[in-house]
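Asker: After the structure tokens below, expect a handful of questions from me.
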Amino acid sequence: MPIEIRNLKYVYDKGGPFEKVALKDINLKINDGEFVAVIGHTGSGKSTLIQLFNGLLKPTEGTVLVNGKDTRQSNLKELRKQVGIVFQYPEHQLFEETVYRDIDFGLQKNGITGKEAEERILEAIRNVGLSEDILDKSPFELSGGQKRRVAIAGVIVMKPGILVLDEPTAGLDPAGKEEILGHIARLHEKYNITVVLVSHSMEDVASLARRVVVMNNGTIEMDGTPEEVFRHVERIEKIGLSAPQITYLMKKLHSRFPWINDNVLTVEQACAELLRHIGGH
Ligand SMILES: Nc1ncnc2c1ncn2[C@@H]1O[C@H](COP(=O)(O)OP(=O)(O)OP(=O)(O)O)[C@@H](O)[C@H]1O
Ligand SMILES: [Mg+2]
């Protein structure tokens with residue numbers, strides 16, 4: 001279920017007093033099973049872009065094809081089953097009396113009931129690391145991290161081929177953050193689901209994604225592996241972003257000890273690189 005975007009332009013309030021070109025000259029293909037991160041400064045167009053994936057927004061110019069089908073012509077209900085989007089702070093949309101009913105909401109709307117609904121809900125809740133006994137609770141009794149996971153369960157219960165998450169760890173503590181990212185990585189591995197992750201954390205992007213799309217002022221500035229993208233530290237900084245912190249540390253070490261490789265993006269890679277030298281002496 002690839003997503004293919006051709007010559008896309010998106011303008012908010014076209015012809016109106018608040019006209020704003022949010023995206024332009026976007027050409028992007030996301031293939032099945034990819035794990036893509038989207039990064040970019042605030043207002044660069046990330047959230048706008050992902051809303052074009054499931055037809056919530058329609059292109060002003062150009063086309064968005066999901067599985068070869070133009071989203072302008074797609075049945076929106078079908079499209080939203082294929083492309084599941086977890087919006088920023090999704091827990092604000094939990095409103096049912098119980099967690100069970102919240103996760104069941106999308107299934108009901110799509111006529112999935114009975115045993116199948118029950119099984120899907122149990123699977124979804126386990127896939128975000130929650131246990132069954134949470135199902136009877138009110139969403140309001142849960143911690144911030146638990147609520148976030150319930151909201152994610154409400155999207156994955158529809159078994160989308162493409163899972164899009166807009167800043168899924170925003171506002172969580174480091175433990176809650178790790179927990180959620182771990183589940184997203186496992187979902188990707190277990191079901192070979194395509195993941196598009198919008199993130200402000202360069203650390204998360206570097207450790208999880210195999211491809212990074214960098215947005216700048218409504219255009220795609222760079223598109224490559226994390227190694228390719230973060231090698232251009234100056235270019236990244238020029239558009240208001242940064243490399244992972246560990247990369248800066250390794251660059252400093254490299255300037256003192258040139259034999260230390262500084263093309264390092266994660267703490268694990270840094271440890272391995274440093275141990276290699278310690279072990280050698
Ligand atoms: N509903 C709207 N009406 C008018 N302009 C909008 C609307 N939503 C977003 N914009 C503008 O479109 C541009 C892109 O916004 P978007 O929300 O896609 O950026 P973003 O990269 O997701 O930013 P952030 O990192 O802050 O979430 C911004 O200039 C924003 O002000
Ligand atoms: Mg946004």
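Naming works like this for the structure tokens: A, B, ... for the chains as they're shown, residue 1 at the start of each chain, ligands 1 onward in shown order.
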If you count only C-alpha atoms and all ligand atoms, which residues end up within 10 Å of ligand 1, as a ChimeraX atom specification?

Answerer: /A:10-14,17-23,38-51,88,166-167,198-200,215-218

Asker: Pick out the residues sitting within 9 Å of range 222-234 of chain A, and hand them over as a list in words; count only C-alpha atoms, and ignore anything fewer than 5 positions along from it in its own chain.

Answerer: Val205, Ala206, Ser207, Ala209, Arg210, Arg211, Val212, Val213, Val214, Met215, Asn216, Ile239, Leu241, Ser242, Ala243, Pro244, Thr247, Asn263, Val264 and Leu265 of chain A

Asker: Find the residue from A:Asp136, A:Glu91, A:Glu203, A:Glu34 that sits nearest to Arg148 in chain A; use only C-alpha atoms when measuring.

Answerer: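 Between A:Asp136, A:Glu91, A:Glu203, A:Glu34, the residue approaching Arg148 in chain A most closely is A:Glu91.
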
Asker: Can you pull out every residue within 10 Å of Leu172 in chain A, counting only C-alpha atoms, but drop anything in the same chain fewer than 6 positions away, and send it as a ChimeraX atom specification?

Answerer: /A:144-145,148,178,180

Asker: Using N, CA and C atoms, can you export the residues from the last selection as a compact mmCIF listing (two decimals), in the first residue's frame?

Answerer:
```
# COMPACT_ATOMS: atom_id res chain seq x y z
N GLY A 144 -0.98 9.72 31.96
CA GLY A 144 -0.81 10.33 30.64
C GLY A 144 -0.30 9.34 29.60
N GLY A 145 0.68 8.56 29.99
CA GLY A 145 1.27 7.58 29.06
C GLY A 145 0.28 6.49 28.70
N ARG A 148 -2.30 7.83 26.26
CA ARG A 148 -1.71 7.93 24.92
C ARG A 148 -1.71 6.55 24.25
N GLU A 178 10.00 6.10 25.94
CA GLU A 178 10.69 4.86 25.53
C GLU A 178 9.68 3.76 25.30
N ILE A 180 6.48 3.90 24.52
CA ILE A 180 5.68 4.06 23.30
C ILE A 180 6.51 3.81 22.05
```

Asker: Enumerate as a PDB file with N, CA and C atoms, in the first residue's frame all residues of range 7-65 of chain A assigned to strand (DSSP E) by DSSP on the backbone, naming them with the chain letters and numbers the document uses.

Answerer:
```pdb
ATOM      1  N   ASN A   7       4.018  16.357  -7.329  1.00  0.00           N
ATOM      2  CA  ASN A   7       3.891  17.804  -7.535  1.00  0.00           C
ATOM      3  C   ASN A   7       2.814  18.444  -6.664  1.00  0.00           C
ATOM      4  N   LEU A   8       2.854  18.102  -5.404  1.00  0.00           N
ATOM      5  CA  LEU A   8       1.803  18.561  -4.499  1.00  0.00           C
ATOM      6  C   LEU A   8       2.011  20.002  -4.031  1.00  0.00           C
ATOM      7  N   LYS A   9       0.884  20.713  -4.042  1.00  0.00           N
ATOM      8  CA  LYS A   9       0.860  22.037  -3.412  1.00  0.00           C
ATOM      9  C   LYS A   9      -0.362  22.052  -2.510  1.00  0.00           C
ATOM     10  N   TYR A  10      -0.198  22.605  -1.321  1.00  0.00           N
ATOM     11  CA  TYR A  10      -1.374  22.744  -0.473  1.00  0.00           C
ATOM     12  C   TYR A  10      -1.440  24.161   0.089  1.00  0.00           C
ATOM     13  N   VAL A  11      -2.577  24.774  -0.147  1.00  0.00           N
ATOM     14  CA  VAL A  11      -2.770  26.158   0.303  1.00  0.00           C
ATOM     15  C   VAL A  11      -3.965  26.207   1.253  1.00  0.00           C
ATOM     16  N   TYR A  12      -3.754  26.749   2.445  1.00  0.00           N
ATOM     17  CA  TYR A  12      -4.875  26.965   3.375  1.00  0.00           C
ATOM     18  C   TYR A  12      -5.586  28.256   2.982  1.00  0.00           C
ATOM     19  N   LYS A  20      -2.406  30.796   2.911  1.00  0.00           N
ATOM     20  CA  LYS A  20      -1.062  30.379   3.342  1.00  0.00           C
ATOM     21  C   LYS A  20      -0.645  29.147   2.535  1.00  0.00           C
ATOM     22  N   VAL A  21       0.463  29.273   1.827  1.00  0.00           N
ATOM     23  CA  VAL A  21       0.992  28.114   1.104  1.00  0.00           C
ATOM     24  C   VAL A  21       1.728  27.249   2.124  1.00  0.00           C
ATOM     25  N   ALA A  22       1.148  26.125   2.489  1.00  0.00           N
ATOM     26  CA  ALA A  22       1.755  25.284   3.524  1.00  0.00           C
ATOM     27  C   ALA A  22       2.704  24.258   2.923  1.00  0.00           C
ATOM     28  N   LEU A  23       2.421  23.798   1.691  1.00  0.00           N
ATOM     29  CA  LEU A  23       3.287  22.808   1.030  1.00  0.00           C
ATOM     30  C   LEU A  23       3.421  23.163  -0.437  1.00  0.00           C
ATOM     31  N   LYS A  24       4.610  22.944  -0.981  1.00  0.00           N
ATOM     32  CA  LYS A  24       4.778  23.145  -2.426  1.00  0.00           C
ATOM     33  C   LYS A  24       5.889  22.241  -2.963  1.00  0.00           C
ATOM     34  N   ASP A  25       5.766  21.906  -4.242  1.00  0.00           N
ATOM     35  CA  ASP A  25       6.775  21.061  -4.922  1.00  0.00           C
ATOM     36  C   ASP A  25       7.086  19.778  -4.165  1.00  0.00           C
ATOM     37  N   ILE A  26       6.073  19.143  -3.628  1.00  0.00           N
ATOM     38  CA  ILE A  26       6.332  17.908  -2.879  1.00  0.00           C
ATOM     39  C   ILE A  26       6.214  16.701  -3.802  1.00  0.00           C
ATOM     40  N   ASN A  27       7.302  15.961  -3.884  1.00  0.00           N
ATOM     41  CA  ASN A  27       7.310  14.676  -4.577  1.00  0.00           C
ATOM     42  C   ASN A  27       7.886  13.660  -3.606  1.00  0.00           C
ATOM     43  N   LEU A  28       7.101  12.653  -3.324  1.00  0.00           N
ATOM     44  CA  LEU A  28       7.518  11.717  -2.270  1.00  0.00           C
ATOM     45  C   LEU A  28       6.867  10.371  -2.510  1.00  0.00           C
ATOM     46  N   LYS A  29       7.662   9.309  -2.390  1.00  0.00           N
ATOM     47  CA  LYS A  29       7.050   7.977  -2.455  1.00  0.00           C
ATOM     48  C   LYS A  29       7.442   7.210  -1.208  1.00  0.00           C
ATOM     49  N   ILE A  30       6.460   6.700  -0.525  1.00  0.00           N
ATOM     50  CA  ILE A  30       6.722   5.888   0.657  1.00  0.00           C
ATOM     51  C   ILE A  30       6.294   4.464   0.322  1.00  0.00           C
ATOM     52  N   PHE A  35       9.948   2.561   7.398  1.00  0.00           N
ATOM     53  CA  PHE A  35       9.819   3.310   8.642  1.00  0.00           C
ATOM     54  C   PHE A  35      10.453   4.670   8.379  1.00  0.00           C
ATOM     55  N   VAL A  36       9.591   5.656   8.150  1.00  0.00           N
ATOM     56  CA  VAL A  36      10.058   6.973   7.724  1.00  0.00           C
ATOM     57  C   VAL A  36       9.808   7.995   8.826  1.00  0.00           C
ATOM     58  N   ALA A  37      10.804   8.794   9.127  1.00  0.00           N
ATOM     59  CA  ALA A  37      10.599   9.894  10.061  1.00  0.00           C
ATOM     60  C   ALA A  37      10.455  11.180   9.264  1.00  0.00           C
ATOM     61  N   VAL A  38       9.585  12.057   9.740  1.00  0.00           N
ATOM     62  CA  VAL A  38       9.440  13.376   9.125  1.00  0.00           C
ATOM     63  C   VAL A  38       9.847  14.402  10.179  1.00  0.00           C
ATOM     64  N   ILE A  39      10.860  15.197   9.845  1.00  0.00           N
ATOM     65  CA  ILE A  39      11.304  16.226  10.787  1.00  0.00           C
ATOM     66  C   ILE A  39      11.259  17.590  10.096  1.00  0.00           C
ATOM     67  N   GLY A  40      11.322  18.640  10.885  1.00  0.00           N
ATOM     68  CA  GLY A  40      11.282  19.985  10.310  1.00  0.00           C
ATOM     69  C   GLY A  40      10.900  20.969  11.401  1.00  0.00           C
ATOM     70  N   GLU A  61      -3.052  21.489  -5.579  1.00  0.00           N
ATOM     71  CA  GLU A  61      -2.543  21.078  -6.896  1.00  0.00           C
ATOM     72  C   GLU A  61      -1.789  19.780  -6.709  1.00  0.00           C
ATOM     73  N   GLY A  62      -1.685  19.010  -7.795  1.00  0.00           N
ATOM     74  CA  GLY A  62      -0.936  17.758  -7.733  1.00  0.00           C
ATOM     75  C   GLY A  62      -1.794  16.608  -7.232  1.00  0.00           C
ATOM     76  N   THR A  63      -1.167  15.456  -7.010  1.00  0.00           N
ATOM     77  CA  THR A  63      -1.947  14.286  -6.597  1.00  0.00           C
ATOM     78  C   THR A  63      -1.312  13.536  -5.442  1.00  0.00           C
ATOM     79  N   VAL A  64      -2.177  12.885  -4.684  1.00  0.00           N
ATOM     80  CA  VAL A  64      -1.747  11.954  -3.641  1.00  0.00           C
ATOM     81  C   VAL A  64      -2.388  10.622  -3.983  1.00  0.00           C
ATOM     82  N   LEU A  65      -1.550   9.616  -4.205  1.00  0.00           N
ATOM     83  CA  LEU A  65      -2.063   8.283  -4.521  1.00  0.00           C
ATOM     84  C   LEU A  65      -1.766   7.354  -3.353  1.00  0.00           C
TER      85      LEU A  65
END
```

Asker: Could you tell me, as a PDB file with C-alpha atoms, in the first residue's frame, which residues of range 107-211 of chain A DSSP assigns to helix (DSSP H, G or I) when given the backbone?

Answerer:
```
ATOM      1  CA  LEU A 107     -14.785  -0.770  14.821  1.00  0.00           C
ATOM      2  CA  GLN A 108     -18.442  -0.015  15.467  1.00  0.00           C
ATOM      3  CA  LYS A 109     -18.462   2.699  12.826  1.00  0.00           C
ATOM      4  CA  GLY A 114     -18.980  -9.432  18.243  1.00  0.00           C
ATOM      5  CA  LYS A 115     -16.124 -11.868  18.605  1.00  0.00           C
ATOM      6  CA  GLU A 116     -13.977 -10.246  15.959  1.00  0.00           C
ATOM      7  CA  ALA A 117     -14.240  -6.831  17.631  1.00  0.00           C
ATOM      8  CA  GLU A 118     -13.379  -8.362  20.996  1.00  0.00           C
ATOM      9  CA  GLU A 119     -10.343 -10.179  19.642  1.00  0.00           C
ATOM     10  CA  ARG A 120      -9.082  -7.114  17.828  1.00  0.00           C
ATOM     11  CA  ILE A 121      -9.436  -4.966  20.942  1.00  0.00           C
ATOM     12  CA  LEU A 122      -7.486  -7.456  23.040  1.00  0.00           C
ATOM     13  CA  GLU A 123      -4.751  -7.678  20.423  1.00  0.00           C
ATOM     14  CA  ALA A 124      -4.548  -3.888  20.111  1.00  0.00           C
ATOM     15  CA  ILE A 125      -4.292  -3.352  23.848  1.00  0.00           C
ATOM     16  CA  ARG A 126      -1.522  -5.957  24.156  1.00  0.00           C
ATOM     17  CA  ASN A 127       0.341  -4.411  21.257  1.00  0.00           C
ATOM     18  CA  GLU A 132      -6.859  -6.521  29.802  1.00  0.00           C
ATOM     19  CA  ASP A 133      -7.962  -5.183  33.162  1.00  0.00           C
ATOM     20  CA  ILE A 134      -7.575  -1.641  31.857  1.00  0.00           C
ATOM     21  CA  PRO A 139      -9.958   6.714  30.365  1.00  0.00           C
ATOM     22  CA  PHE A 140      -9.879   9.486  32.955  1.00  0.00           C
ATOM     23  CA  GLU A 141      -8.421   7.158  35.589  1.00  0.00           C
ATOM     24  CA  GLY A 144      -0.811  10.333  30.641  1.00  0.00           C
ATOM     25  CA  GLY A 145       1.270   7.581  29.061  1.00  0.00           C
ATOM     26  CA  GLN A 146      -1.520   5.020  29.425  1.00  0.00           C
ATOM     27  CA  LYS A 147      -4.037   7.363  27.818  1.00  0.00           C
ATOM     28  CA  ARG A 148      -1.709   7.926  24.920  1.00  0.00           C
ATOM     29  CA  ARG A 149      -1.349   4.173  24.466  1.00  0.00           C
ATOM     30  CA  VAL A 150      -5.115   3.682  24.561  1.00  0.00           C
ATOM     31  CA  ALA A 151      -5.466   6.313  21.843  1.00  0.00           C
ATOM     32  CA  ILE A 152      -2.872   4.503  19.726  1.00  0.00           C
ATOM     33  CA  ALA A 153      -4.707   1.215  20.318  1.00  0.00           C
ATOM     34  CA  GLY A 154      -7.852   2.896  18.965  1.00  0.00           C
ATOM     35  CA  VAL A 155      -6.043   3.476  15.682  1.00  0.00           C
ATOM     36  CA  ILE A 156      -4.187   0.161  15.315  1.00  0.00           C
ATOM     37  CA  PRO A 174      11.447   9.674  29.313  1.00  0.00           C
ATOM     38  CA  ALA A 175      10.131   6.300  30.515  1.00  0.00           C
ATOM     39  CA  GLY A 176       6.730   6.822  28.884  1.00  0.00           C
ATOM     40  CA  LYS A 177       8.462   7.950  25.736  1.00  0.00           C
ATOM     41  CA  GLU A 178      10.686   4.865  25.533  1.00  0.00           C
ATOM     42  CA  GLU A 179       7.714   2.621  26.176  1.00  0.00           C
ATOM     43  CA  ILE A 180       5.681   4.065  23.305  1.00  0.00           C
ATOM     44  CA  LEU A 181       8.552   4.115  20.849  1.00  0.00           C
ATOM     45  CA  GLY A 182       9.339   0.495  21.708  1.00  0.00           C
ATOM     46  CA  HIS A 183       5.769  -0.532  20.884  1.00  0.00           C
ATOM     47  CA  ILE A 184       5.820   1.372  17.611  1.00  0.00           C
ATOM     48  CA  ALA A 185       9.066  -0.354  16.616  1.00  0.00           C
ATOM     49  CA  ARG A 186       7.607  -3.758  17.516  1.00  0.00           C
ATOM     50  CA  LEU A 187       4.406  -3.102  15.562  1.00  0.00           C
ATOM     51  CA  HIS A 188       6.508  -2.257  12.557  1.00  0.00           C
ATOM     52  CA  GLU A 189       8.494  -5.475  12.879  1.00  0.00           C
ATOM     53  CA  LYS A 190       5.633  -7.786  13.776  1.00  0.00           C
ATOM     54  CA  TYR A 191       3.129  -6.728  11.119  1.00  0.00           C
ATOM     55  CA  MET A 202      16.557  13.706  16.597  1.00  0.00           C
ATOM     56  CA  GLU A 203      17.534  10.898  18.984  1.00  0.00           C
ATOM     57  CA  ASP A 204      14.308   9.017  18.289  1.00  0.00           C
ATOM     58  CA  VAL A 205      14.587   9.582  14.576  1.00  0.00           C
ATOM     59  CA  ALA A 206      18.187   8.384  14.460  1.00  0.00           C
ATOM     60  CA  SER A 207      17.532   5.231  16.431  1.00  0.00           C
ATOM     61  CA  LEU A 208      14.227   4.166  14.860  1.00  0.00           C
TER      62      LEU A 208
END
```

Asker: Mind pulling up the distance from CA of Glu221 in chain A to CA of Leu57 in chain A?

Answerer: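 Spanning CA of Leu57 in chain A to CA of Glu221 in chain A is a straight-line distance of 22.0 Å.
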
Asker: Can you work out the spacing between CA of Val66 in chain A and CA of Thr113 in chain A in Å, to one decimal?

Answerer: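 CA of Thr113 in chain A lies at a distance of 26.9 Å from CA of Val66 in chain A.
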
Asker: With only C-alpha atoms as the counted atoms, please give the residues lying no more than 10 Å from Ile162 in chain A, apart from itself and same-chain residues fewer than 4 positions off, as a ChimeraX atom specification.

Answerer: /A:1-3,30-35,53-54,66,80-85,156,188,192-196

Asker: Between A:Ser138, A:Glu4, A:Ile112, A:Ala170, which one has atoms that come closest to ligand 2, using only C-alpha atoms and all ligand atoms?

Answerer: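 Among the listed residues, A:Ala170 lies closest to ligand 2.
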
Asker: I need the residue nearest Leu79 in chain A from this list: A:Leu142, A:Gly55, A:Ile220, A:Gly15. Use only C-alpha atoms for the distance.

Answerer: A:Gly55

Asker: Can you work out which one of A:Phe95, A:Leu130, A:Trp259, A:Gln245 has the shortest atom-to-atom distance to Ser143 in chain A, counting only C-alpha atoms?

Answerer: A:Leu130
